[in-house]
file input-v6.cif (mmCIF, C-alpha atoms)
data_model
loop_
_atom_site.label_atom_id
_atom_site.label_comp_id
_atom_site.auth_asym_id
_atom_site.auth_seq_id
_atom_site.Cartn_x
_atom_site.Cartn_y
_atom_site.Cartn_z
CA MET A 11 45.12 -59.41 13.04
CA GLY A 12 47.41 -59.53 16.05
CA GLU A 13 47.84 -57.17 18.97
CA LYS A 14 51.15 -55.54 18.07
CA ASP A 15 51.06 -52.64 15.63
CA LEU A 16 52.89 -53.40 12.40
CA LEU A 17 54.78 -50.52 10.79
CA VAL A 18 55.52 -50.78 7.07
CA LEU A 19 57.99 -48.58 5.20
CA SER A 20 56.93 -48.61 1.56
CA ILE A 21 58.42 -47.19 -1.64
CA GLU A 22 56.69 -46.50 -4.96
CA SER A 23 58.65 -45.49 -8.08
CA SER A 24 56.93 -47.24 -10.99
CA CYS A 25 56.48 -44.17 -13.21
CA ASP A 26 57.08 -40.46 -12.49
CA GLU A 27 56.37 -40.19 -8.75
CA THR A 28 59.03 -40.96 -6.14
CA SER A 29 57.18 -41.78 -2.95
CA CYS A 30 57.86 -43.23 0.49
CA ALA A 31 55.29 -43.83 3.23
CA ILE A 32 55.05 -45.21 6.73
CA VAL A 33 51.78 -47.14 7.19
CA LYS A 34 50.49 -48.68 10.43
CA ASN A 35 48.37 -51.84 10.32
CA GLY A 36 47.48 -51.40 6.67
CA ARG A 37 45.01 -48.55 7.11
CA GLU A 38 46.64 -45.71 9.08
CA VAL A 39 49.08 -43.46 7.18
CA LEU A 40 51.72 -41.87 9.40
CA SER A 41 53.45 -40.20 6.44
CA ASN A 42 53.17 -40.27 2.66
CA ILE A 43 55.81 -38.20 0.87
CA ILE A 44 55.47 -37.77 -2.90
CA ALA A 45 58.00 -36.09 -5.19
CA THR A 46 56.29 -35.67 -8.57
CA GLN A 47 57.97 -35.14 -11.95
CA ILE A 48 54.92 -33.83 -13.83
CA GLU A 49 56.46 -30.41 -14.55
CA ILE A 50 59.65 -32.06 -15.86
CA HIS A 51 57.82 -34.30 -18.34
CA LYS A 52 55.27 -31.71 -19.49
CA ARG A 53 57.66 -30.29 -22.08
CA TYR A 54 57.91 -33.72 -23.73
CA GLY A 55 54.16 -34.40 -23.75
CA GLY A 56 54.55 -37.54 -21.64
CA VAL A 57 56.87 -39.48 -19.36
CA VAL A 58 60.41 -40.07 -20.71
CA PRO A 59 61.67 -43.27 -19.01
CA GLU A 60 65.36 -42.34 -18.84
CA ILE A 61 64.63 -38.90 -17.38
CA ALA A 62 62.21 -40.46 -14.89
CA SER A 63 64.84 -42.93 -13.68
CA ARG A 64 67.47 -40.22 -13.17
CA ASN A 65 65.05 -38.08 -11.18
CA HIS A 66 64.07 -41.05 -9.00
CA ILE A 67 67.75 -41.51 -8.13
CA ASP A 68 68.05 -37.82 -7.22
CA ALA A 69 64.92 -37.84 -5.05
CA ILE A 70 64.81 -41.23 -3.33
CA SER A 71 67.10 -40.62 -0.32
CA ASN A 72 65.45 -37.34 0.66
CA VAL A 73 61.96 -38.80 0.23
CA VAL A 74 62.74 -41.78 2.49
CA ASN A 75 64.33 -39.58 5.16
CA GLU A 76 61.39 -37.16 5.06
CA ALA A 77 58.86 -40.01 5.41
CA LEU A 78 60.60 -41.33 8.52
CA GLU A 79 60.95 -37.84 10.00
CA LYS A 80 57.32 -36.87 9.38
CA ALA A 81 56.08 -40.16 10.88
CA GLY A 82 58.23 -39.59 13.94
CA VAL A 83 59.90 -42.99 13.71
CA SER A 84 63.36 -44.36 12.99
CA ILE A 85 64.31 -47.23 10.71
CA GLU A 86 64.69 -49.40 13.85
CA ASP A 87 60.95 -48.97 14.53
CA ILE A 88 59.99 -50.38 11.12
CA ASP A 89 58.74 -54.00 10.99
CA LEU A 90 58.54 -54.54 7.24
CA ILE A 91 60.12 -52.86 4.19
CA SER A 92 58.26 -52.99 0.88
CA ALA A 93 58.42 -51.60 -2.65
CA THR A 94 56.62 -51.84 -5.97
CA TYR A 95 58.27 -54.44 -8.24
CA GLY A 96 55.88 -54.20 -11.20
CA PRO A 97 54.29 -53.28 -13.46
CA GLY A 98 55.88 -50.01 -14.56
CA LEU A 99 58.94 -48.53 -16.24
CA VAL A 100 61.81 -50.93 -15.57
CA GLY A 101 64.44 -48.28 -14.80
CA ALA A 102 62.07 -46.38 -12.52
CA LEU A 103 61.00 -49.56 -10.71
CA LEU A 104 64.62 -50.58 -10.09
CA VAL A 105 65.41 -47.37 -8.20
CA GLY A 106 62.73 -47.90 -5.55
CA LEU A 107 63.09 -51.68 -5.47
CA SER A 108 66.88 -51.54 -5.07
CA THR A 109 66.61 -48.93 -2.32
CA ALA A 110 64.09 -51.03 -0.37
CA LYS A 111 66.12 -54.23 -0.75
CA ALA A 112 69.31 -52.46 0.35
CA MET A 113 67.55 -51.09 3.43
CA ALA A 114 66.11 -54.51 4.27
CA TRP A 115 69.51 -56.15 3.89
CA ALA A 116 71.29 -53.51 5.99
CA THR A 117 68.71 -53.63 8.80
CA LYS A 118 67.98 -57.39 8.57
CA LYS A 119 64.27 -56.63 8.34
CA PRO A 120 61.78 -58.62 6.22
CA PHE A 121 61.23 -57.41 2.65
CA LEU A 122 58.15 -57.66 0.44
CA GLY A 123 57.69 -56.79 -3.22
CA VAL A 124 54.23 -55.38 -3.97
CA HIS A 125 52.14 -55.52 -7.15
CA HIS A 126 51.41 -51.94 -8.25
CA ILE A 127 47.77 -52.66 -9.17
CA GLU A 128 47.14 -54.45 -5.88
CA GLY A 129 48.44 -51.25 -4.28
CA HIS A 130 45.86 -49.15 -6.13
CA ILE A 131 43.09 -51.45 -4.92
CA ALA A 132 44.41 -51.29 -1.34
CA ALA A 133 44.27 -47.47 -1.40
CA ASN A 134 40.57 -47.89 -0.60
CA TYR A 135 41.41 -49.51 2.76
CA ILE A 136 43.15 -46.31 3.83
CA THR A 137 40.17 -44.07 3.08
CA HIS A 138 37.49 -46.57 4.13
CA LYS A 139 38.43 -48.26 7.39
CA ASP A 140 35.30 -50.43 7.21
CA LEU A 141 35.80 -51.77 3.67
CA GLU A 142 36.36 -55.52 3.56
CA PRO A 143 36.30 -58.01 0.66
CA PRO A 144 34.52 -59.32 -1.28
CA TYR A 145 33.64 -56.50 -3.70
CA ILE A 146 34.06 -55.43 -7.33
CA CYS A 147 36.88 -52.99 -8.09
CA LEU A 148 37.26 -50.97 -11.27
CA VAL A 149 40.96 -50.20 -11.74
CA VAL A 150 41.47 -47.35 -14.20
CA SER A 151 44.84 -45.66 -14.68
CA GLY A 152 47.34 -44.53 -17.29
CA GLY A 153 48.47 -48.04 -18.12
CA HIS A 154 45.70 -50.26 -16.79
CA SER A 155 41.97 -50.90 -17.11
CA ASN A 156 40.84 -53.91 -15.10
CA LEU A 157 37.52 -55.09 -13.74
CA VAL A 158 38.42 -57.12 -10.67
CA TYR A 159 36.52 -59.27 -8.22
CA VAL A 160 38.36 -58.83 -4.93
CA LYS A 161 37.68 -62.17 -3.20
CA ASP A 162 39.97 -61.44 -0.26
CA TYR A 163 42.70 -58.96 0.62
CA THR A 164 45.23 -60.94 -1.44
CA GLU A 165 42.98 -62.88 -3.85
CA PHE A 166 41.81 -61.36 -7.13
CA GLU A 167 39.76 -62.60 -10.07
CA ILE A 168 40.05 -60.66 -13.34
CA LEU A 169 36.58 -60.24 -14.85
CA GLY A 170 37.61 -57.89 -17.65
CA ARG A 171 40.63 -56.00 -18.97
CA THR A 172 41.42 -53.69 -21.86
CA ARG A 173 42.22 -55.29 -25.20
CA ASP A 174 44.13 -52.23 -26.43
CA ASP A 175 44.50 -48.77 -24.88
CA ALA A 176 44.04 -48.25 -21.16
CA VAL A 177 41.63 -45.49 -20.12
CA GLY A 178 44.34 -43.12 -18.94
CA GLU A 179 46.34 -43.73 -22.10
CA ALA A 180 43.28 -42.80 -24.20
CA PHE A 181 42.83 -39.61 -22.11
CA ASP A 182 46.45 -38.60 -22.70
CA LYS A 183 46.29 -39.20 -26.46
CA VAL A 184 42.99 -37.33 -26.86
CA ALA A 185 44.28 -34.43 -24.75
CA ARG A 186 47.35 -34.21 -26.98
CA VAL A 187 45.37 -34.19 -30.24
CA VAL A 188 42.96 -31.45 -29.06
CA GLY A 189 45.89 -29.33 -27.86
CA LEU A 190 45.48 -29.62 -24.08
CA GLY A 191 48.85 -31.26 -23.40
CA TYR A 192 50.05 -33.46 -20.55
CA PRO A 193 48.76 -34.81 -18.17
CA GLY A 194 45.63 -35.50 -20.18
CA GLY A 195 43.17 -36.78 -17.58
CA PRO A 196 42.89 -33.71 -15.32
CA LYS A 197 42.92 -31.33 -18.31
CA ILE A 198 40.11 -33.12 -20.15
CA ASP A 199 38.10 -33.34 -16.91
CA LYS A 200 38.44 -29.60 -16.36
CA MET A 201 37.64 -28.69 -19.99
CA ALA A 202 34.62 -31.04 -20.10
CA LYS A 203 32.95 -29.03 -17.31
CA GLU A 204 32.56 -26.17 -19.81
CA GLY A 205 30.93 -28.34 -22.48
CA SER A 206 28.10 -30.78 -23.22
CA PRO A 207 28.26 -34.29 -24.71
CA THR A 208 27.02 -33.27 -28.17
CA TYR A 209 29.37 -35.40 -30.30
CA LYS A 210 28.38 -39.01 -30.99
CA LEU A 211 31.37 -41.26 -30.32
CA PRO A 212 31.62 -45.06 -30.68
CA LYS A 213 31.34 -47.35 -27.67
CA THR A 214 32.70 -50.89 -27.76
CA PHE A 215 30.99 -53.74 -25.95
CA PHE A 216 31.68 -57.47 -26.23
CA GLU A 217 28.80 -59.94 -26.12
CA ASP A 218 30.66 -62.69 -24.29
CA SER A 219 33.11 -60.65 -22.23
CA LEU A 220 33.50 -57.76 -19.79
CA ASP A 221 36.70 -56.65 -21.56
CA PHE A 222 37.21 -53.05 -22.66
CA SER A 223 38.41 -51.49 -25.91
CA PHE A 224 39.15 -47.77 -26.19
CA SER A 225 41.13 -47.56 -29.44
CA GLY A 226 37.92 -46.98 -31.45
CA ILE A 227 36.82 -43.93 -29.46
CA LYS A 228 40.37 -42.55 -29.49
CA THR A 229 40.59 -42.92 -33.28
CA ALA A 230 37.14 -41.34 -33.70
CA VAL A 231 38.24 -38.25 -31.76
CA ILE A 232 41.45 -37.97 -33.82
CA ASN A 233 39.47 -38.23 -37.08
CA LEU A 234 36.97 -35.60 -35.88
CA VAL A 235 39.75 -33.16 -35.06
CA HIS A 236 41.43 -33.73 -38.43
CA LYS A 237 38.12 -33.33 -40.26
CA GLU A 238 36.75 -30.26 -38.49
CA GLY A 239 40.04 -28.59 -37.54
CA ASP A 240 39.55 -25.17 -35.98
CA TYR A 241 35.77 -25.62 -36.02
CA ILE A 242 35.90 -28.33 -33.36
CA ASN A 243 34.26 -27.43 -30.06
CA VAL A 244 36.90 -28.66 -27.61
CA PRO A 245 34.81 -28.47 -24.40
CA ASP A 246 31.95 -30.37 -26.06
CA LEU A 247 34.34 -32.94 -27.49
CA CYS A 248 35.95 -33.48 -24.07
CA ALA A 249 32.51 -33.85 -22.46
CA SER A 250 31.46 -36.32 -25.17
CA PHE A 251 34.65 -38.32 -24.74
CA GLU A 252 34.22 -38.52 -20.96
CA ASP A 253 30.56 -39.43 -21.32
CA ALA A 254 31.24 -42.29 -23.76
CA ILE A 255 34.16 -43.69 -21.75
CA THR A 256 32.16 -43.54 -18.51
CA ASP A 257 29.16 -45.26 -20.07
CA VAL A 258 31.30 -48.22 -21.15
CA LEU A 259 33.05 -48.49 -17.78
CA LEU A 260 29.86 -48.33 -15.71
CA SER A 261 27.88 -50.66 -17.97
CA ASN A 262 30.49 -53.40 -17.53
CA LEU A 263 30.78 -52.60 -13.83
CA LEU A 264 27.04 -53.09 -13.30
CA LYS A 265 27.16 -56.39 -15.19
CA ALA A 266 30.04 -57.53 -12.96
CA CYS A 267 27.99 -56.75 -9.82
CA GLU A 268 25.11 -58.82 -11.16
CA MET A 269 27.46 -61.65 -12.11
CA LYS A 270 29.01 -61.82 -8.64
CA ASN A 271 25.82 -60.87 -6.76
CA THR A 272 27.45 -58.06 -4.81
CA ASN A 273 26.39 -54.48 -4.14
CA LYS A 274 29.87 -53.21 -3.15
CA ILE A 275 31.95 -51.30 -5.73
CA ALA A 276 35.34 -49.66 -5.36
CA LEU A 277 37.28 -47.43 -7.76
CA ALA A 278 41.07 -47.41 -7.98
CA GLY A 279 43.85 -45.86 -10.07
CA GLY A 280 44.61 -42.38 -11.36
CA VAL A 281 41.46 -42.08 -13.47
CA SER A 282 39.37 -42.71 -10.34
CA ALA A 283 40.07 -39.05 -9.55
CA ASN A 284 37.95 -38.05 -12.58
CA SER A 285 34.98 -36.03 -11.31
CA TYR A 286 32.63 -37.05 -14.18
CA LEU A 287 33.27 -40.74 -13.50
CA ARG A 288 32.75 -40.29 -9.74
CA ASN A 289 29.50 -38.38 -10.19
CA ALA A 290 28.16 -40.91 -12.68
CA LEU A 291 29.12 -43.78 -10.36
CA ASP A 292 27.39 -42.11 -7.41
CA LYS A 293 24.25 -41.74 -9.51
CA MET A 294 24.42 -45.39 -10.61
CA GLY A 295 24.86 -46.37 -6.97
CA GLU A 296 21.75 -44.49 -5.89
CA GLU A 297 19.66 -45.95 -8.72
CA ASN A 298 20.80 -49.54 -8.07
CA ASN A 299 21.25 -49.52 -4.28
CA LEU A 300 25.02 -49.99 -4.49
CA LYS A 301 27.67 -49.07 -1.91
CA ILE A 302 30.35 -46.99 -3.61
CA TYR A 303 33.92 -46.56 -2.39
CA TYR A 304 36.80 -44.56 -3.83
CA PRO A 305 40.07 -43.29 -2.39
CA GLU A 306 40.82 -39.72 -1.41
CA LEU A 307 42.39 -37.88 -4.34
CA VAL A 308 45.93 -38.13 -2.94
CA TYR A 309 45.63 -41.93 -2.93
CA CYS A 310 44.23 -42.17 -6.48
CA THR A 311 47.48 -41.31 -8.24
CA ASP A 312 50.70 -43.23 -7.59
CA ASN A 313 51.80 -43.07 -3.94
CA ALA A 314 53.66 -45.24 -1.44
CA ALA A 315 50.87 -45.37 1.17
CA MET A 316 48.81 -47.67 -1.03
CA ILE A 317 51.87 -49.93 -1.44
CA GLY A 318 52.29 -50.04 2.34
CA SER A 319 48.66 -51.02 2.78
CA ALA A 320 48.92 -53.84 0.24
CA ALA A 321 52.20 -55.00 1.82
CA TYR A 322 50.57 -55.25 5.23
CA PHE A 323 47.77 -57.52 4.00
CA ASP A 324 50.25 -59.63 1.99
CA HIS A 325 52.45 -59.98 5.07
CA MET A 326 49.49 -60.99 7.25
CA ALA A 327 48.64 -63.64 4.64
CA GLY A 328 52.14 -65.11 5.04
CA LYS A 329 53.69 -63.74 1.85
CA SER A 330 57.32 -62.67 1.63
CA SER A 331 60.01 -61.88 -0.94
CA ASN A 332 63.66 -62.78 -1.36
CA LEU A 333 66.26 -60.06 -1.89
CA ASP A 334 66.91 -61.34 -5.43
CA LEU A 335 63.42 -60.21 -6.52
CA ASN A 336 63.74 -58.30 -9.79
CA ALA A 337 61.59 -55.62 -11.39
CA VAL A 338 58.87 -57.00 -13.69
CA PRO A 339 57.72 -54.16 -16.00
CA TYR A 340 54.87 -56.09 -17.66
CA LEU A 341 53.53 -57.84 -14.55
CA LYS A 342 49.81 -58.59 -14.82
CA LEU A 343 47.32 -58.63 -11.99
CA GLY A 344 47.15 -62.17 -10.68
CA ASP A 345 50.81 -62.96 -11.43
CA LYS A 346 52.63 -63.97 -8.24
CA LEU A 347 56.40 -63.71 -8.39
CA ARG A 348 57.16 -62.59 -4.85
CA LYS A 349 58.32 -65.85 -3.32
#

call {"tool": "encode", "arguments": {"input": "input-v6.cif", "output": "structure tokens"}}
result
Amino acid sequence: MGEKDLLVLSIESSCDETSCAIVKNGREVLSNIIATQIEIHKRYGGVVPEIASRNHIDAISNVVNEALEKAGVSIEDIDLISATYGPGLVGALLVGLSTAKAMAWATKKPFLGVHHIEGHIAANYITHKDLEPPYICLVVSGGHSNLVYVKDYTEFEILGRTRDDAVGEAFDKVARVVGLGYPGGPKIDKMAKEGSPTYKLPKTFFEDSLDFSFSGIKTAVINLVHKEGDYINVPDLCASFEDAITDVLLSNLLKACEMKNTNKIALAGGVSANSYLRNALDKMGEENNLKIYYPELVYCTDNAAMIGSAAYFDHMAGKSSNLDLNAVPYLKLGDKLRK
């Protein structure tokens, strides 16, 4: 892809992490600084958009400076400046996007807005230097559940998406109702290790689609807790919830592989850090002769390195953005508003 190394400065601020990274040639991370707000939002049981935006403003300058310092480069060494422009919380997105655009304008360097979900998919290129499209990617995070056929580095076909709650959203709501608190995913994963999947929970499949629906299982858990109260076995319920969710995800994933005649599968998004899901996917891979890829844990949750990787491949494909690019909070995978 050219002889000269291409250095990308990337910013991610779509939710409650303020992050800046310096990425070389799309796969080598020179620095990846993340300032998280988890402890701040814990007391509210979830992310409060206004508080998130204010904390992004407080953190952004230090995070950018630290990323440059740790990478051992100056802003003059950077070839491309990028930032997430959607989807996400609009106020949070604007902090990172405005910072990146201001830096690009001041330094007269090219600017590129990056799709947050494309960033999650690209996180796999950092961990797996040999991974190349095409392959199937299961994107599972707090706000998104997508089954994607990655045709090329910048071309995506949506095979299935959630019709209601995203996986991570369901995890957070279930964690809240059983008294585990926020963030739900890691807490349910930890609690489930102490239990067994003894509760029978509903699983939703569609005959003519690879779409997902998780509102039924979420409602079933809530009803169980209300019905049994203090008699509920929380570890068993968490294990049952994880087991049912994973079964639905992997069933559709296997169907997608058969549909596209591929044996390569990648995971992406915050829920890809879930140990039960990873173990089940590894087992499915062994049984069906599939090649399984997932990012290192630090690249599963929101981070700027994944944005830098996606920006590199977009740039190499000839994509660019104008400095009037705005934040798009409800941007869907496949929407192209960068030009």

call {"tool": "resolve_selection", "arguments": {"input": "input-v6.cif", "expression": "the PyMOL selection byres ((chain A and resi 271-277) around 6)", "output": "ChimeraX atom specification"}}
result
/A:145-148,267-270,278,282,300-304

call {"tool": "resolve_selection", "arguments": {"input": "input-v6.cif", "expression": "the PyMOL selection byres ((chain A and resi 152) around 7)", "output": "ChimeraX atom specification"}}
result
/A:151,153-154,176-179,280

call {"tool": "axis_aligned_box", "arguments": {"input": "input-v6.cif", "around": "region 332-346 of chain A", "padding_each_side": "5 Å", "output": "AutoDock Vina command-line options"}}
result
--center_x 57.0 --center_y -59.1 --center_z -9.5 --size_x 29.8 --size_y 19.8 --size_z 26.3

call {"tool": "atom_distance", "arguments": {"input": "input-v6.cif", "atom1": "CA of Ala69 (chain A)", "atom2": "CA of Ile48 (chain A)"}}
result
13.9 Å

call {"tool": "atom_distance", "arguments": {"input": "input-v6.cif", "atom1": "CA of Asn336 (chain A)", "atom2": "CA of Thr94 (chain A)"}}
result
10.3 Å

call {"tool": "resolve_selection", "arguments": {"input": "input-v6.cif", "expression": "the PyMOL selection byres ((chain A and resi 306-312) around 6)", "output": "VMD selection string"}}
result
chain A and resid 133 279 to 280 283 305 313

call {"tool": "closest_residue", "arguments": {"input": "input-v6.cif", "among": "A:Lys183, A:Lys197, A:Lys210, A:Arg53", "to": "Lys228 (chain A)", "atoms": "all atoms listed in the file"}}
result
A:Lys183

call {"tool": "residues_around", "arguments": {"input": "input-v6.cif", "residues": "Met326 (chain A)", "least_positions_apart": "3", "cutoff": "10 Å", "atoms": "only C-alpha atoms", "output": "ChimeraX atom specification"}}
result
/A:11-12,16,35-36,163-164,321-323,329-330

call {"tool": "residues_around", "arguments": {"input": "input-v6.cif", "residues": "Lys119 (chain A)", "least_positions_apart": "3", "cutoff": "12 Å", "atoms": "only C-alpha atoms", "output": "list of chain:residue names"}}
result
A:Leu17, A:Val18, A:Leu19, A:Ile85, A:Glu86, A:Asp87, A:Ile88, A:Asp89, A:Leu90, A:Ile91, A:Ser92, A:Ala110, A:Lys111, A:Ala112, A:Met113, A:Ala114, A:Trp115, A:Ala116, A:Leu122, A:Ser330, A:Ser331, A:Asn332, A:Leu333

call {"tool": "closest_residue", "arguments": {"input": "input-v6.cif", "among": "A:Lys139, A:Asp240, A:Val73, A:Asn65", "to": "Glu38 (chain A)", "atoms": "all atoms listed in the file"}}
result
A:Lys139

call {"tool": "build_atoms", "arguments": {"input": "input-v6.cif", "residues": "region 283-315 of chain A", "atoms": "N, CA and C atoms", "output": "CSV table (one decimal), in the frame of the given file"}}
result
chain,number,residue,atom,x,y,z
A,283,ALA,N,40.2,-40.4,-10.0
A,283,ALA,CA,40.1,-39.0,-9.6
A,283,ALA,C,39.2,-38.2,-10.5
A,284,ASN,N,38.8,-38.8,-11.6
A,284,ASN,CA,38.0,-38.0,-12.6
A,284,ASN,C,36.6,-37.7,-12.0
A,285,SER,N,36.2,-36.5,-12.0
A,285,SER,CA,35.0,-36.0,-11.3
A,285,SER,C,33.7,-36.5,-12.1
A,286,TYR,N,33.8,-36.6,-13.4
A,286,TYR,CA,32.6,-37.0,-14.2
A,286,TYR,C,32.3,-38.5,-13.9
A,287,LEU,N,33.4,-39.3,-13.8
A,287,LEU,CA,33.3,-40.7,-13.5
A,287,LEU,C,32.7,-40.9,-12.1
A,288,ARG,N,33.2,-40.2,-11.1
A,288,ARG,CA,32.8,-40.3,-9.7
A,288,ARG,C,31.3,-39.9,-9.6
A,289,ASN,N,30.9,-38.8,-10.3
A,289,ASN,CA,29.5,-38.4,-10.2
A,289,ASN,C,28.6,-39.4,-10.8
A,290,ALA,N,29.0,-39.9,-12.0
A,290,ALA,CA,28.2,-40.9,-12.7
A,290,ALA,C,28.0,-42.2,-11.9
A,291,LEU,N,29.1,-42.6,-11.2
A,291,LEU,CA,29.1,-43.8,-10.4
A,291,LEU,C,28.2,-43.6,-9.1
A,292,ASP,N,28.3,-42.4,-8.5
A,292,ASP,CA,27.4,-42.1,-7.4
A,292,ASP,C,25.9,-42.2,-7.8
A,293,LYS,N,25.6,-41.7,-9.0
A,293,LYS,CA,24.2,-41.7,-9.5
A,293,LYS,C,23.8,-43.2,-9.8
A,294,MET,N,24.7,-44.0,-10.4
A,294,MET,CA,24.4,-45.4,-10.6
A,294,MET,C,24.2,-46.1,-9.3
A,295,GLY,N,25.0,-45.8,-8.3
A,295,GLY,CA,24.9,-46.4,-7.0
A,295,GLY,C,23.5,-46.1,-6.3
A,296,GLU,N,23.1,-44.9,-6.4
A,296,GLU,CA,21.8,-44.5,-5.9
A,296,GLU,C,20.6,-45.2,-6.6
A,297,GLU,N,20.7,-45.3,-7.9
A,297,GLU,CA,19.7,-46.0,-8.7
A,297,GLU,C,19.6,-47.5,-8.5
A,298,ASN,N,20.7,-48.1,-8.2
A,298,ASN,CA,20.8,-49.5,-8.1
A,298,ASN,C,21.1,-50.1,-6.7
A,299,ASN,N,21.0,-49.1,-5.7
A,299,ASN,CA,21.2,-49.5,-4.3
A,299,ASN,C,22.6,-50.2,-4.1
A,300,LEU,N,23.6,-49.5,-4.6
A,300,LEU,CA,25.0,-50.0,-4.5
A,300,LEU,C,25.8,-49.2,-3.5
A,301,LYS,N,26.7,-49.8,-2.8
A,301,LYS,CA,27.7,-49.1,-1.9
A,301,LYS,C,28.9,-48.7,-2.7
A,302,ILE,N,29.2,-47.5,-2.8
A,302,ILE,CA,30.4,-47.0,-3.6
A,302,ILE,C,31.5,-46.5,-2.7
A,303,TYR,N,32.7,-47.0,-3.1
A,303,TYR,CA,33.9,-46.6,-2.4
A,303,TYR,C,35.0,-46.0,-3.4
A,304,TYR,N,35.6,-44.9,-3.1
A,304,TYR,CA,36.8,-44.6,-3.8
A,304,TYR,C,37.8,-43.8,-2.9
A,305,PRO,N,39.1,-43.9,-3.3
A,305,PRO,CA,40.1,-43.3,-2.4
A,305,PRO,C,40.0,-41.8,-2.4
A,306,GLU,N,40.6,-41.2,-1.4
A,306,GLU,CA,40.8,-39.7,-1.4
A,306,GLU,C,41.7,-39.4,-2.6
A,307,LEU,N,41.7,-38.2,-3.1
A,307,LEU,CA,42.4,-37.9,-4.3
A,307,LEU,C,43.9,-38.2,-4.2
A,308,VAL,N,44.5,-37.9,-3.1
A,308,VAL,CA,45.9,-38.1,-2.9
A,308,VAL,C,46.3,-39.6,-3.1
A,309,TYR,N,45.4,-40.5,-2.8
A,309,TYR,CA,45.6,-41.9,-2.9
A,309,TYR,C,45.2,-42.5,-4.3
A,310,CYS,N,44.6,-41.7,-5.2
A,310,CYS,CA,44.2,-42.2,-6.5
A,310,CYS,C,45.4,-42.3,-7.4
A,311,THR,N,46.3,-41.3,-7.4
A,311,THR,CA,47.5,-41.3,-8.2
A,311,THR,C,48.5,-42.1,-7.5
A,312,ASP,N,49.7,-42.4,-8.2
A,312,ASP,CA,50.7,-43.2,-7.6
A,312,ASP,C,51.2,-42.7,-6.3
A,313,ASN,N,51.3,-43.5,-5.3
A,313,ASN,CA,51.8,-43.1,-3.9
A,313,ASN,C,52.2,-44.3,-3.2
A,314,ALA,N,53.1,-44.1,-2.2
A,314,ALA,CA,53.7,-45.2,-1.4
A,314,ALA,C,52.7,-45.7,-0.4
A,315,ALA,N,51.8,-44.9,0.1
A,315,ALA,CA,50.9,-45.4,1.2
A,315,ALA,C,50.1,-46.6,0.7
